[in-house]
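Below: coords-v9.txt (compact mmCIF, C-alpha atoms (C1' of nucleotides))
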# COMPACT_ATOMS: atom_id res chain seq x y z
CA MET A 1 30.11 -102.92 -12.16
CA SER A 2 29.96 -106.60 -11.54
CA GLU A 3 33.06 -106.74 -9.39
CA GLY A 4 33.17 -106.36 -5.67
CA ASP A 5 33.67 -109.84 -4.34
CA GLU A 6 37.33 -109.28 -3.68
CA TRP A 7 37.08 -105.81 -2.23
CA PRO A 8 37.87 -105.06 1.35
CA THR A 9 34.70 -104.54 3.33
CA GLY A 10 35.72 -100.95 4.00
CA ARG A 11 35.76 -100.21 0.30
CA LEU A 12 32.42 -101.92 -0.17
CA LEU A 13 31.08 -99.66 2.53
CA SER A 14 32.36 -96.52 0.80
CA THR A 15 31.05 -97.58 -2.57
CA ALA A 16 27.66 -98.50 -1.19
CA ALA A 17 27.49 -95.14 0.56
CA ARG A 18 28.36 -93.28 -2.62
CA LEU A 19 25.76 -95.15 -4.62
CA VAL A 20 23.01 -94.65 -2.05
CA GLU A 21 23.92 -90.97 -1.84
CA HIS A 22 23.40 -90.71 -5.57
CA ALA A 23 20.00 -92.30 -5.25
CA TRP A 24 19.17 -89.88 -2.44
CA ASP A 25 20.32 -86.94 -4.51
CA ASP A 26 17.90 -87.79 -7.24
CA VAL A 27 15.12 -87.36 -4.70
CA LEU A 28 16.55 -84.39 -2.82
CA THR A 29 17.53 -82.16 -5.71
CA GLY A 30 13.87 -81.59 -6.40
CA TYR A 31 13.49 -80.08 -2.95
CA GLY A 32 16.58 -77.88 -3.11
CA LEU A 33 18.44 -80.06 -0.61
CA THR A 34 21.45 -82.31 -0.58
CA HIS A 35 22.24 -85.49 1.24
CA SER A 36 24.13 -83.85 4.09
CA ARG A 37 22.06 -80.70 4.49
CA LEU A 38 19.09 -82.85 5.32
CA VAL A 39 20.79 -84.00 8.50
CA ILE A 40 21.43 -80.43 9.55
CA LEU A 41 17.81 -79.46 9.05
CA HIS A 42 16.82 -82.55 10.94
CA LEU A 43 18.96 -81.53 13.90
CA LEU A 44 17.64 -77.98 13.75
CA ALA A 45 14.07 -79.22 13.84
CA ALA A 46 14.56 -79.71 17.58
CA GLY A 47 15.44 -76.02 17.97
CA PRO A 48 18.31 -73.59 17.35
CA ALA A 49 21.88 -74.72 17.94
CA THR A 50 25.42 -73.43 17.62
CA GLN A 51 27.71 -74.54 14.82
CA ARG A 52 29.86 -76.42 17.27
CA GLU A 53 26.90 -78.37 18.56
CA LEU A 54 25.75 -79.21 15.07
CA ALA A 55 29.22 -80.39 14.12
CA ARG A 56 29.52 -82.61 17.15
CA ARG A 57 26.07 -84.09 16.76
CA SER A 58 26.56 -84.91 13.11
CA GLY A 59 30.12 -86.18 13.41
CA LEU A 60 31.64 -83.52 11.17
CA GLU A 61 34.46 -81.09 11.75
CA GLU A 62 33.50 -77.55 12.64
CA GLN A 63 35.12 -76.15 9.52
CA THR A 64 33.06 -78.42 7.33
CA MET A 65 29.93 -77.49 9.22
CA GLY A 66 30.69 -73.78 8.91
CA ARG A 67 31.05 -74.05 5.16
CA MET A 68 27.86 -76.04 4.76
CA LEU A 69 25.91 -73.60 6.88
CA ARG A 70 27.22 -70.71 4.83
CA GLY A 71 25.90 -72.41 1.72
CA MET A 72 22.56 -73.12 3.36
CA GLU A 73 22.34 -69.53 4.54
CA GLU A 74 22.87 -68.34 0.98
CA HIS A 75 20.06 -70.64 -0.08
CA GLY A 76 17.77 -69.25 2.61
CA GLN A 77 17.41 -72.53 4.48
CA VAL A 78 19.02 -71.46 7.74
CA LEU A 79 19.76 -68.23 9.59
CA ARG A 80 23.00 -67.54 11.46
CA GLU A 81 23.04 -64.84 14.09
CA ARG A 82 25.71 -63.92 16.61
CA ASP A 83 24.68 -64.83 20.13
CA PRO A 84 24.43 -61.46 21.94
CA ALA A 85 25.34 -63.18 25.21
CA ASP A 86 28.53 -64.69 23.76
CA ARG A 87 29.58 -63.11 20.54
CA ARG A 88 31.92 -65.95 19.64
CA ARG A 89 28.87 -68.10 19.01
CA SER A 90 26.65 -68.29 15.95
CA VAL A 91 23.13 -69.39 16.73
CA VAL A 92 21.74 -71.33 13.81
CA THR A 93 18.01 -71.52 13.14
CA ALA A 94 16.07 -73.19 10.36
CA THR A 95 14.07 -70.76 8.25
CA ASP A 96 10.51 -71.44 7.17
CA GLU A 97 11.87 -72.44 3.81
CA GLY A 98 14.27 -74.89 5.43
CA ARG A 99 11.47 -76.40 7.49
CA ARG A 100 9.25 -76.67 4.45
CA ALA A 101 11.95 -78.49 2.50
CA LEU A 102 12.54 -80.92 5.34
CA ALA A 103 8.85 -81.64 5.73
CA ALA A 104 8.48 -82.20 2.00
CA VAL A 105 11.30 -84.73 1.88
CA VAL A 106 10.18 -86.56 4.99
CA GLY A 107 6.70 -86.76 3.57
CA SER A 108 7.85 -88.12 0.24
CA THR A 109 8.89 -91.58 -0.74
CA SER A 110 12.53 -91.39 0.19
CA ALA A 111 15.59 -93.22 -0.97
CA ASP A 112 15.62 -94.77 2.46
CA ASP A 113 12.42 -96.57 1.64
CA LEU A 114 14.05 -97.59 -1.59
CA LEU A 115 16.99 -98.99 0.33
CA ALA A 116 14.70 -100.87 2.68
CA ASP A 117 12.85 -102.29 -0.31
CA VAL A 118 16.06 -103.39 -1.95
CA LEU A 119 17.12 -105.19 1.19
CA GLY A 120 13.76 -106.56 2.21
CA GLY A 121 13.00 -107.94 -1.21
CA SER A 122 16.14 -110.02 -1.26
CA GLY A 123 16.26 -111.89 2.00
CA HIS A 124 18.47 -109.33 3.72
CA ASP A 125 17.31 -107.97 7.03
CA ALA A 126 17.08 -104.19 6.77
CA GLU A 127 16.73 -103.76 10.53
CA GLU A 128 19.75 -105.88 11.25
CA PHE A 129 21.73 -104.01 8.61
CA ARG A 130 20.78 -100.72 10.21
CA ALA A 131 21.67 -101.95 13.67
CA THR A 132 25.07 -103.11 12.43
CA LEU A 133 25.74 -99.74 10.80
CA LEU A 134 24.77 -97.97 13.99
CA HIS A 135 27.14 -100.20 15.90
CA VAL A 136 29.97 -99.45 13.48
CA VAL A 137 29.31 -95.72 13.64
CA ARG A 138 29.28 -95.69 17.41
CA HIS A 139 32.35 -97.82 17.79
CA PHE A 140 34.48 -95.87 15.35
CA SER A 141 33.16 -92.54 16.58
CA GLU A 142 34.30 -93.41 20.04
CA ARG A 143 37.64 -94.43 18.60
CA ARG A 144 38.00 -91.15 16.72
CA TRP A 145 36.62 -88.80 19.33
CA PRO A 146 37.03 -90.52 22.66
CA GLN A 147 34.42 -89.70 25.32
CA GLY A 148 32.01 -87.69 23.25
CA ARG A 149 34.58 -85.36 21.74
CA GLY A 150 35.23 -83.36 24.84
CA ALA A 151 31.65 -82.27 25.29
CA GLY A 152 29.33 -83.72 27.85
CA ALA A 153 28.02 -86.82 26.16
CA ALA A 154 25.77 -88.06 28.90
CA GLY A 155 22.10 -87.60 28.24
CA ASP A 156 22.89 -86.62 24.71
CA ASP A 157 21.37 -89.60 23.04
CA PRO A 158 18.20 -88.93 21.14
CA PRO A 159 15.11 -91.02 21.68
CA ALA A 160 15.36 -94.14 19.60
CA GLY A 161 13.76 -93.55 16.22
CA MET B 1 28.99 -88.61 18.77
CA SER B 2 26.31 -90.52 20.56
CA GLU B 3 23.54 -89.68 18.13
CA GLY B 4 22.53 -91.73 15.18
CA ASP B 5 19.32 -93.44 16.13
CA GLU B 6 17.20 -91.02 14.19
CA TRP B 7 19.34 -90.80 11.11
CA PRO B 8 18.23 -92.13 7.78
CA THR B 9 19.98 -95.37 6.95
CA GLY B 10 21.64 -93.71 3.97
CA ARG B 11 23.30 -91.20 6.24
CA LEU B 12 24.37 -93.92 8.62
CA LEU B 13 25.98 -95.65 5.68
CA SER B 14 27.91 -92.53 4.67
CA THR B 15 29.06 -91.83 8.19
CA ALA B 16 30.12 -95.41 8.78
CA ALA B 17 32.06 -95.33 5.52
CA ARG B 18 33.83 -92.12 6.48
CA LEU B 19 34.78 -93.44 9.88
CA VAL B 20 36.07 -96.74 8.55
CA GLU B 21 38.03 -94.87 5.91
CA HIS B 22 39.72 -92.89 8.63
CA ALA B 23 40.62 -96.08 10.45
CA TRP B 24 42.03 -97.45 7.19
CA ASP B 25 43.99 -94.29 6.59
CA ASP B 26 45.73 -94.65 9.92
CA VAL B 27 47.04 -97.98 8.70
CA LEU B 28 47.71 -97.01 5.10
CA THR B 29 49.53 -93.73 5.61
CA GLY B 30 52.47 -95.67 6.97
CA TYR B 31 52.76 -97.47 3.65
CA GLY B 32 52.40 -94.39 1.45
CA LEU B 33 48.95 -95.43 0.30
CA THR B 34 45.42 -94.15 0.63
CA HIS B 35 42.11 -95.87 0.92
CA SER B 36 41.23 -95.71 -2.75
CA ARG B 37 44.68 -96.26 -4.21
CA LEU B 38 44.78 -99.63 -2.56
CA VAL B 39 41.91 -100.80 -4.74
CA ILE B 40 43.75 -99.71 -7.87
CA LEU B 41 46.91 -101.58 -6.88
CA HIS B 42 44.76 -104.57 -6.09
CA LEU B 43 43.24 -104.51 -9.56
CA LEU B 44 46.66 -104.05 -11.15
CA ALA B 45 48.01 -107.06 -9.29
CA ALA B 46 46.24 -109.20 -11.88
CA GLY B 47 48.20 -107.45 -14.64
CA PRO B 48 48.28 -104.20 -16.59
CA ALA B 49 45.02 -102.49 -17.52
CA THR B 50 43.76 -99.38 -19.24
CA GLN B 51 42.35 -96.45 -17.29
CA ARG B 52 38.92 -97.16 -18.63
CA GLU B 53 39.02 -100.73 -17.42
CA LEU B 54 40.20 -99.67 -14.00
CA ALA B 55 37.45 -97.08 -13.75
CA ARG B 56 34.77 -99.54 -14.73
CA ARG B 57 36.00 -102.26 -12.43
CA SER B 58 36.19 -99.96 -9.44
CA GLY B 59 32.94 -98.12 -10.05
CA LEU B 60 34.54 -94.71 -10.55
CA GLU B 61 34.35 -92.20 -13.35
CA GLU B 62 37.21 -92.18 -15.81
CA GLN B 63 38.11 -88.62 -14.92
CA THR B 64 38.48 -89.50 -11.26
CA MET B 65 40.57 -92.51 -12.18
CA GLY B 66 42.79 -90.41 -14.42
CA ARG B 67 43.53 -87.94 -11.66
CA MET B 68 44.24 -90.65 -9.12
CA LEU B 69 46.58 -92.44 -11.50
CA ARG B 70 48.41 -89.20 -12.18
CA GLY B 71 48.98 -88.83 -8.44
CA MET B 72 50.10 -92.43 -8.09
CA GLU B 73 52.45 -92.01 -11.03
CA GLU B 74 54.02 -88.99 -9.34
CA HIS B 75 54.49 -91.15 -6.26
CA GLY B 76 56.11 -93.89 -8.29
CA GLN B 77 53.46 -96.49 -7.58
CA VAL B 78 52.23 -96.98 -11.14
CA LEU B 79 53.47 -96.42 -14.67
CA ARG B 80 51.33 -95.08 -17.50
CA GLU B 81 52.41 -95.67 -21.08
CA ARG B 82 50.61 -95.03 -24.31
CA ASP B 83 49.61 -98.24 -26.01
CA PRO B 84 51.60 -98.21 -29.27
CA ALA B 85 48.85 -100.25 -30.93
CA ASP B 86 46.17 -97.72 -30.00
CA ARG B 87 47.54 -94.40 -28.95
CA ARG B 88 44.28 -93.34 -27.33
CA ARG B 89 44.89 -95.85 -24.58
CA SER B 90 47.11 -95.61 -21.53
CA VAL B 91 48.37 -98.93 -20.27
CA VAL B 92 48.76 -98.79 -16.51
CA THR B 93 51.20 -101.05 -14.69
CA ALA B 94 52.07 -101.31 -11.02
CA THR B 95 55.72 -100.52 -10.29
CA ASP B 96 57.81 -102.58 -7.93
CA GLU B 97 57.25 -99.94 -5.32
CA GLY B 98 53.49 -100.14 -5.82
CA ARG B 99 53.56 -103.92 -5.51
CA ARG B 100 55.68 -103.72 -2.40
CA ALA B 101 53.26 -101.29 -0.76
CA LEU B 102 50.31 -103.53 -1.60
CA ALA B 103 52.03 -106.60 -0.23
CA ALA B 104 52.97 -104.78 2.94
CA VAL B 105 49.41 -103.67 3.61
CA VAL B 106 47.90 -107.03 2.78
CA GLY B 107 50.40 -108.68 5.09
CA SER B 108 49.64 -106.32 7.95
CA THR B 109 46.77 -106.33 10.35
CA SER B 110 44.36 -104.31 8.33
CA ALA B 111 41.48 -102.10 9.28
CA ASP B 112 39.27 -104.70 7.66
CA ASP B 113 40.27 -107.16 10.30
CA LEU B 114 39.52 -104.46 12.81
CA LEU B 115 36.07 -104.04 11.32
CA ALA B 116 35.46 -107.77 11.42
CA ASP B 117 36.54 -107.85 15.04
CA VAL B 118 34.27 -104.97 15.92
CA LEU B 119 31.33 -106.77 14.36
CA GLY B 120 32.14 -110.28 15.48
CA GLY B 121 32.74 -109.25 19.05
CA SER B 122 29.31 -107.76 19.39
CA GLY B 123 26.87 -110.32 18.09
CA HIS B 124 26.76 -108.85 14.58
CA ASP B 125 27.42 -111.17 11.68
CA ALA B 126 30.34 -109.77 9.67
CA GLU B 127 29.70 -112.12 6.74
CA GLU B 128 26.04 -111.21 6.54
CA PHE B 129 26.95 -107.52 6.74
CA ARG B 130 29.39 -107.93 3.89
CA ALA B 131 26.88 -109.83 1.81
CA THR B 132 24.29 -107.13 2.35
CA LEU B 133 26.75 -104.43 1.32
CA LEU B 134 27.63 -106.38 -1.79
CA HIS B 135 23.95 -106.69 -2.60
CA VAL B 136 23.44 -102.95 -2.14
CA VAL B 137 26.45 -102.12 -4.31
CA ARG B 138 25.33 -104.43 -7.09
CA HIS B 139 21.75 -103.25 -7.05
CA PHE B 140 22.55 -99.56 -7.10
CA SER B 141 25.36 -100.01 -9.59
CA GLU B 142 22.96 -101.64 -11.97
CA ARG B 143 20.56 -98.77 -11.37
CA ARG B 144 23.25 -96.20 -12.10
CA TRP B 145 24.99 -97.90 -14.98
CA PRO B 146 22.47 -100.26 -16.54
CA GLN B 147 23.90 -103.39 -18.15
CA GLY B 148 27.49 -103.12 -17.08
CA ARG B 149 28.08 -99.55 -18.20
CA GLY B 150 28.24 -100.25 -21.88
CA ALA B 151 31.12 -102.68 -21.67
CA GLY B 152 30.83 -106.41 -21.98
CA ALA B 153 29.91 -107.47 -18.49
CA ALA B 154 29.67 -111.19 -19.06
CA GLY B 155 32.48 -113.23 -17.59
CA ASP B 156 33.77 -110.17 -15.85
CA ASP B 157 33.10 -111.28 -12.34
CA PRO B 158 36.14 -112.13 -10.30
CA PRO B 159 36.40 -115.37 -8.36
CA ALA B 160 34.65 -114.99 -5.07
CA GLY B 161 37.07 -113.87 -2.40
C1' DG C 1 40.08 -90.60 -49.23
C1' DT C 2 37.32 -87.93 -46.68
C1' DA C 3 33.77 -86.94 -43.47
C1' DC C 4 31.68 -88.58 -39.25
C1' DA C 5 31.05 -91.38 -35.15
C1' DA C 6 32.97 -93.72 -31.35
C1' DC C 7 36.57 -94.18 -28.13
C1' DA C 8 40.11 -93.07 -24.46
C1' DC C 9 41.56 -89.72 -21.98
C1' DT C 10 42.15 -84.66 -20.14
C1' DA C 11 40.67 -80.17 -18.26
C1' DA C 12 38.04 -77.29 -15.42
C1' DG C 13 34.93 -76.54 -11.97
C1' DC C 14 31.60 -77.95 -8.08
C1' DA C 15 30.49 -80.52 -3.64
C1' DT C 16 31.65 -82.55 0.59
C1' DG C 17 34.92 -84.50 3.47
C1' DG C 18 39.52 -83.60 5.85
C1' DT C 19 43.68 -80.66 8.07
C1' DG C 20 46.42 -76.79 10.15
C1' DA C 21 46.73 -71.97 11.16
C1' DG C 22 44.80 -67.95 12.85
C1' DC C 23 41.50 -64.35 14.69
C1' DA C 24 38.30 -62.28 17.89
C1' DA C 25 35.66 -62.93 22.01
C1' DT C 26 35.45 -64.74 26.53
C1' DC C 27 36.96 -66.64 30.87
C1' DG C 28 40.06 -67.26 34.92
C1' DG C 29 44.03 -66.62 37.89
C1' DC C 30 46.55 -63.25 39.83
C1' DG D 1 42.45 -54.71 35.48
C1' DC D 2 45.60 -57.66 32.72
C1' DC D 3 47.64 -61.58 30.53
C1' DG D 4 47.30 -66.07 28.98
C1' DA D 5 44.35 -70.01 27.93
C1' DT D 6 40.21 -71.52 25.89
C1' DT D 7 36.39 -71.26 22.79
C1' DG D 8 33.86 -70.66 18.46
C1' DC D 9 34.46 -69.78 14.12
C1' DT D 10 36.91 -68.59 9.50
C1' DC D 11 40.44 -69.03 5.94
C1' DA D 12 43.35 -71.60 2.97
C1' DC D 13 44.48 -75.71 1.09
C1' DC D 14 44.33 -80.97 0.03
C1' DA D 15 41.76 -85.41 -1.44
C1' DT D 16 38.26 -87.83 -3.78
C1' DG D 17 33.98 -88.05 -5.70
C1' DC D 18 30.99 -85.86 -9.44
C1' DT D 19 29.65 -83.24 -14.10
C1' DT D 20 30.23 -80.93 -18.57
C1' DA D 21 33.09 -79.91 -22.18
C1' DG D 22 36.84 -80.55 -24.59
C1' DT D 23 41.27 -83.05 -27.48
C1' DG D 24 43.29 -86.35 -30.15
C1' DT D 25 43.02 -91.21 -32.18
C1' DT D 26 40.82 -94.81 -34.43
C1' DG D 27 37.31 -97.02 -37.14
C1' DT D 28 33.79 -96.88 -40.67
C1' DA D 29 30.50 -95.46 -44.29
C1' DC D 30 30.31 -93.53 -48.40

Do you think you could lay out the structure here as structure tokens?
Amino acid sequence: MSEGDEWPTGRLLSTAARLVEHAWDDVLTGYGLTHSRLVILHLLAAGPATQRELARRSGLEEQTMGRMLRGMEEHGQVLRERDPADRRRSVVTATDEGRRALAAVVGSTSADDLLADVLGGSGHDAEEFRATLLHVVRHFSERRWPQGRGAGAAGDDPPAG
Amino acid sequence: MSEGDEWPTGRLLSTAARLVEHAWDDVLTGYGLTHSRLVILHLLAAGPATQRELARRSGLEEQTMGRMLRGMEEHGQVLRERDPADRRRSVVTATDEGRRALAAVVGSTSADDLLADVLGGSGHDAEEFRATLLHVVRHFSERRWPQGRGAGAAGDDPPAG
DNA sequence: GTACAACACTAAGCATGGTGAGCAATCGGC
DNA sequence: GCCGATTGCTCACCATGCTTAGTGTTGTAC
């Protein structure tokens, strides 16, 4: 595709995301992961969480999260157990296999490095690009789920990575 | 969602794209369009085209394009007719209704303007962001479909918008 | 003129996103 | 203790991407 100049920026964004996802997938498939499951394992690395928490922290709907966790459970990457103290809740934990997969991907040359290379080698500022994306995500998240989606948002920010 | 700092840039890209799509959808739904159909109508504004051309020019698979065109046909936004000169081909044309919808959206305050405002009002350079996205799209497109996907790519670029 | 390759499109099925509806467990006011 | 509201999750279905495997049409080599 050599087009693109005329596209709305929003469509450029979607297309870029799709293409980078494909590049990621090439890497991840070898580790039994997908683009989105990686984020879940990443969140779980900090400790067990409920589905609702995971959904909120990754910006997905709970239904979507539930389905993805079911798939991951079938693949032995996470464990879901009812919380005995509140049986509405599922407590989600990463299994050893899930942790292994995450560590393997993080330790490998990732598509993110590839992306950084693509940008850096062409006069584009990868850090600035990232900062702009983060700004867009935060702004539109706030627009979509005002004040942290009903949950306490204060103190929820992770340490800057 | 107040997270994001730790995410891989690829995931940031996907999330940003999803959020901006939602913002677009809020605008587009009122005009009977969706995010992706807008691009098709935009391409058709230059004149009729075959499904294959549309797919190539928008970076989608032909199957995806076929399904989307079927939906648009059912909604009266495009017309598909077999090319009498080559009955393998479908010639796709925008209907009056499709053109009207496109004109209405283009004439309205679009989510793209919103995006530009969000960036411009915060010290981020919207033009630079766009240029970087375009670079990413072109690089990864080339990676995915080397040399213009088998079709003649030369002279295919649109005038810069 | 007939077989074979290429082309344009369709069909079916998977993945990941969304939505609305609904169910069981829990909590709170009385 | 009971009833209604809330919470946490599931089900069912839609949209838009993808892939693999067709179907029918055209072009070409012999």

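The space separating atom CA of B:Leu79 from atom CA of B:Ser108 comes to 25.0 Å.
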
Find the residues around stretch 112-116 of chain B up to 8 Å (only C-alpha atoms (C1' of nucleotides) counted), leave out those fewer than 6 positions away in its own chain, and share them as a short mmCIF file (atom, residue, chain, number, x, y, z; two decimals) with C-alpha atoms, in the coordinates of the input.
data_model
loop_
_atom_site.label_atom_id
_atom_site.label_comp_id
_atom_site.auth_asym_id
_atom_site.auth_seq_id
_atom_site.Cartn_x
_atom_site.Cartn_y
_atom_site.Cartn_z
CA PRO A 8 37.87 -105.06 1.35
CA THR A 9 34.70 -104.54 3.33
CA GLY A 10 35.72 -100.95 4.00
CA VAL A 136 29.97 -99.45 13.48
CA VAL B 20 36.07 -96.74 8.55
CA TRP B 24 42.03 -97.45 7.19
CA ALA B 126 30.34 -109.77 9.67
#

For chain C against chain A, with a cut-off of 8 Å and counting all atoms listed in the file, what is the closest atom pair and its distance in Å to one decimal for every residue that makes the cut, ordered by chain and number, as CSV?
residue,atom,partner,partner_atom,distance
C:DG17,C1',A:Thr64,CA,7.4
C:DA24,C1',A:Arg88,CA,7.6
C:DA25,C1',A:Arg88,CA,5.4
C:DT26,C1',A:Asp86,CA,7.5

Output chain B as a compact mmCIF listing (two decimals) with C-alpha atoms, in the coordinates of the input, after least-squares fitting it to chain A on all in-order C-alpha pairs.
# COMPACT_ATOMS: atom_id res chain seq x y z
CA MET B 1 29.95 -102.82 -12.27
CA SER B 2 29.72 -106.50 -11.61
CA GLU B 3 32.85 -106.72 -9.49
CA GLY B 4 32.99 -106.42 -5.78
CA ASP B 5 33.50 -109.90 -4.46
CA GLU B 6 37.18 -109.37 -3.86
CA TRP B 7 36.97 -105.92 -2.39
CA PRO B 8 37.81 -105.21 1.20
CA THR B 9 34.69 -104.65 3.25
CA GLY B 10 35.77 -101.07 3.92
CA ARG B 11 35.76 -100.33 0.22
CA LEU B 12 32.40 -101.98 -0.19
CA LEU B 13 31.11 -99.71 2.52
CA SER B 14 32.41 -96.59 0.78
CA THR B 15 31.05 -97.62 -2.58
CA ALA B 16 27.66 -98.52 -1.16
CA ALA B 17 27.54 -95.16 0.60
CA ARG B 18 28.38 -93.30 -2.60
CA LEU B 19 25.75 -95.14 -4.58
CA VAL B 20 23.04 -94.63 -1.99
CA GLU B 21 23.97 -90.97 -1.79
CA HIS B 22 23.42 -90.67 -5.50
CA ALA B 23 20.02 -92.28 -5.17
CA TRP B 24 19.21 -89.83 -2.37
CA ASP B 25 20.40 -86.91 -4.45
CA ASP B 26 17.97 -87.80 -7.20
CA VAL B 27 15.19 -87.35 -4.68
CA LEU B 28 16.61 -84.36 -2.84
CA THR B 29 17.61 -82.17 -5.76
CA GLY B 30 13.95 -81.60 -6.47
CA TYR B 31 13.56 -80.06 -3.03
CA GLY B 32 16.67 -77.88 -3.18
CA LEU B 33 18.49 -80.03 -0.65
CA THR B 34 21.51 -82.28 -0.60
CA HIS B 35 22.30 -85.44 1.24
CA SER B 36 24.15 -83.81 4.10
CA ARG B 37 22.05 -80.68 4.46
CA LEU B 38 19.08 -82.83 5.27
CA VAL B 39 20.77 -84.00 8.45
CA ILE B 40 21.39 -80.41 9.52
CA LEU B 41 17.75 -79.43 8.97
CA HIS B 42 16.75 -82.53 10.87
CA LEU B 43 18.87 -81.52 13.84
CA LEU B 44 17.55 -77.96 13.68
CA ALA B 45 13.97 -79.21 13.74
CA ALA B 46 14.42 -79.70 17.48
CA GLY B 47 15.30 -76.02 17.84
CA PRO B 48 18.17 -73.60 17.27
CA ALA B 49 21.73 -74.75 17.91
CA THR B 50 25.28 -73.48 17.66
CA GLN B 51 27.61 -74.58 14.88
CA ARG B 52 29.70 -76.49 17.34
CA GLU B 53 26.73 -78.44 18.59
CA LEU B 54 25.63 -79.26 15.08
CA ALA B 55 29.12 -80.43 14.16
CA ARG B 56 29.39 -82.65 17.19
CA ARG B 57 25.95 -84.14 16.78
CA SER B 58 26.49 -84.96 13.13
CA GLY B 59 30.04 -86.24 13.45
CA LEU B 60 31.59 -83.55 11.25
CA GLU B 61 34.39 -81.09 11.84
CA GLU B 62 33.39 -77.57 12.76
CA GLN B 63 35.04 -76.16 9.67
CA THR B 64 33.01 -78.41 7.41
CA MET B 65 29.86 -77.47 9.28
CA GLY B 66 30.66 -73.78 8.97
CA ARG B 67 31.05 -74.00 5.22
CA MET B 68 27.87 -76.01 4.79
CA LEU B 69 25.90 -73.57 6.91
CA ARG B 70 27.24 -70.67 4.88
CA GLY B 71 25.94 -72.37 1.74
CA MET B 72 22.58 -73.09 3.33
CA GLU B 73 22.34 -69.51 4.52
CA GLU B 74 22.93 -68.29 0.96
CA HIS B 75 20.12 -70.59 -0.13
CA GLY B 76 17.82 -69.22 2.54
CA GLN B 77 17.43 -72.49 4.40
CA VAL B 78 19.01 -71.41 7.68
CA LEU B 79 19.76 -68.21 9.56
CA ARG B 80 22.97 -67.55 11.47
CA GLU B 81 23.02 -64.86 14.12
CA ARG B 82 25.65 -63.97 16.65
CA ASP B 83 24.57 -64.84 20.15
CA PRO B 84 24.38 -61.46 21.92
CA ALA B 85 25.22 -63.17 25.22
CA ASP B 86 28.39 -64.72 23.81
CA ARG B 87 29.53 -63.16 20.61
CA ARG B 88 31.82 -66.06 19.77
CA ARG B 89 28.77 -68.19 19.09
CA SER B 90 26.56 -68.34 16.03
CA VAL B 91 23.01 -69.41 16.74
CA VAL B 92 21.66 -71.33 13.78
CA THR B 93 17.93 -71.51 13.08
CA ALA B 94 16.02 -73.18 10.28
CA THR B 95 14.04 -70.72 8.15
CA ASP B 96 10.50 -71.40 7.04
CA GLU B 97 11.88 -72.40 3.69
CA GLY B 98 14.27 -74.85 5.32
CA ARG B 99 11.46 -76.37 7.37
CA ARG B 100 9.26 -76.64 4.32
CA ALA B 101 11.97 -78.46 2.38
CA LEU B 102 12.53 -80.88 5.25
CA ALA B 103 8.84 -81.60 5.59
CA ALA B 104 8.50 -82.16 1.87
CA VAL B 105 11.32 -84.69 1.79
CA VAL B 106 10.17 -86.50 4.90
CA GLY B 107 6.69 -86.70 3.45
CA SER B 108 7.91 -88.09 0.15
CA THR B 109 8.94 -91.58 -0.74
CA SER B 110 12.54 -91.35 0.25
CA ALA B 111 15.61 -93.17 -0.91
CA ASP B 112 15.69 -94.72 2.53
CA ASP B 113 12.48 -96.49 1.78
CA LEU B 114 14.05 -97.54 -1.47
CA LEU B 115 17.00 -98.95 0.42
CA ALA B 116 14.72 -100.81 2.80
CA ASP B 117 12.82 -102.24 -0.14
CA VAL B 118 16.00 -103.33 -1.85
CA LEU B 119 17.09 -105.15 1.29
CA GLY B 120 13.74 -106.53 2.35
CA GLY B 121 12.94 -107.86 -1.07
CA SER B 122 16.05 -109.96 -1.19
CA GLY B 123 16.20 -111.86 2.07
CA HIS B 124 18.44 -109.30 3.78
CA ASP B 125 17.32 -107.94 7.12
CA ALA B 126 17.11 -104.15 6.85
CA GLU B 127 16.80 -103.71 10.62
CA GLU B 128 19.82 -105.87 11.33
CA PHE B 129 21.78 -103.99 8.67
CA ARG B 130 20.87 -100.69 10.26
CA ALA B 131 21.79 -101.93 13.71
CA THR B 132 25.15 -103.12 12.46
CA LEU B 133 25.84 -99.76 10.82
CA LEU B 134 24.91 -97.98 14.02
CA HIS B 135 27.27 -100.23 15.92
CA VAL B 136 30.08 -99.51 13.47
CA VAL B 137 29.47 -95.76 13.64
CA ARG B 138 29.44 -95.74 17.42
CA HIS B 139 32.52 -97.88 17.77
CA PHE B 140 34.64 -95.94 15.32
CA SER B 141 33.35 -92.61 16.56
CA GLU B 142 34.48 -93.49 20.03
CA ARG B 143 37.83 -94.51 18.58
CA ARG B 144 38.17 -91.22 16.73
CA TRP B 145 36.80 -88.87 19.35
CA PRO B 146 37.23 -90.60 22.69
CA GLN B 147 34.64 -89.76 25.34
CA GLY B 148 32.22 -87.74 23.30
CA ARG B 149 34.73 -85.35 21.77
CA GLY B 150 35.32 -83.29 24.85
CA ALA B 151 31.72 -82.25 25.29
CA GLY B 152 29.37 -83.63 27.88
CA ALA B 153 28.08 -86.76 26.24
CA ALA B 154 25.79 -87.95 28.99
CA GLY B 155 22.10 -87.57 28.30
CA ASP B 156 22.89 -86.57 24.77
CA ASP B 157 21.40 -89.56 23.08
CA PRO B 158 18.22 -88.92 21.17
CA PRO B 159 15.15 -91.08 21.64
CA ALA B 160 15.46 -94.16 19.53
CA GLY B 161 13.86 -93.62 16.15

Atom CA of A:Phe129 to atom CA of B:Ser122: how many Å, to one decimal? 13.7 Å
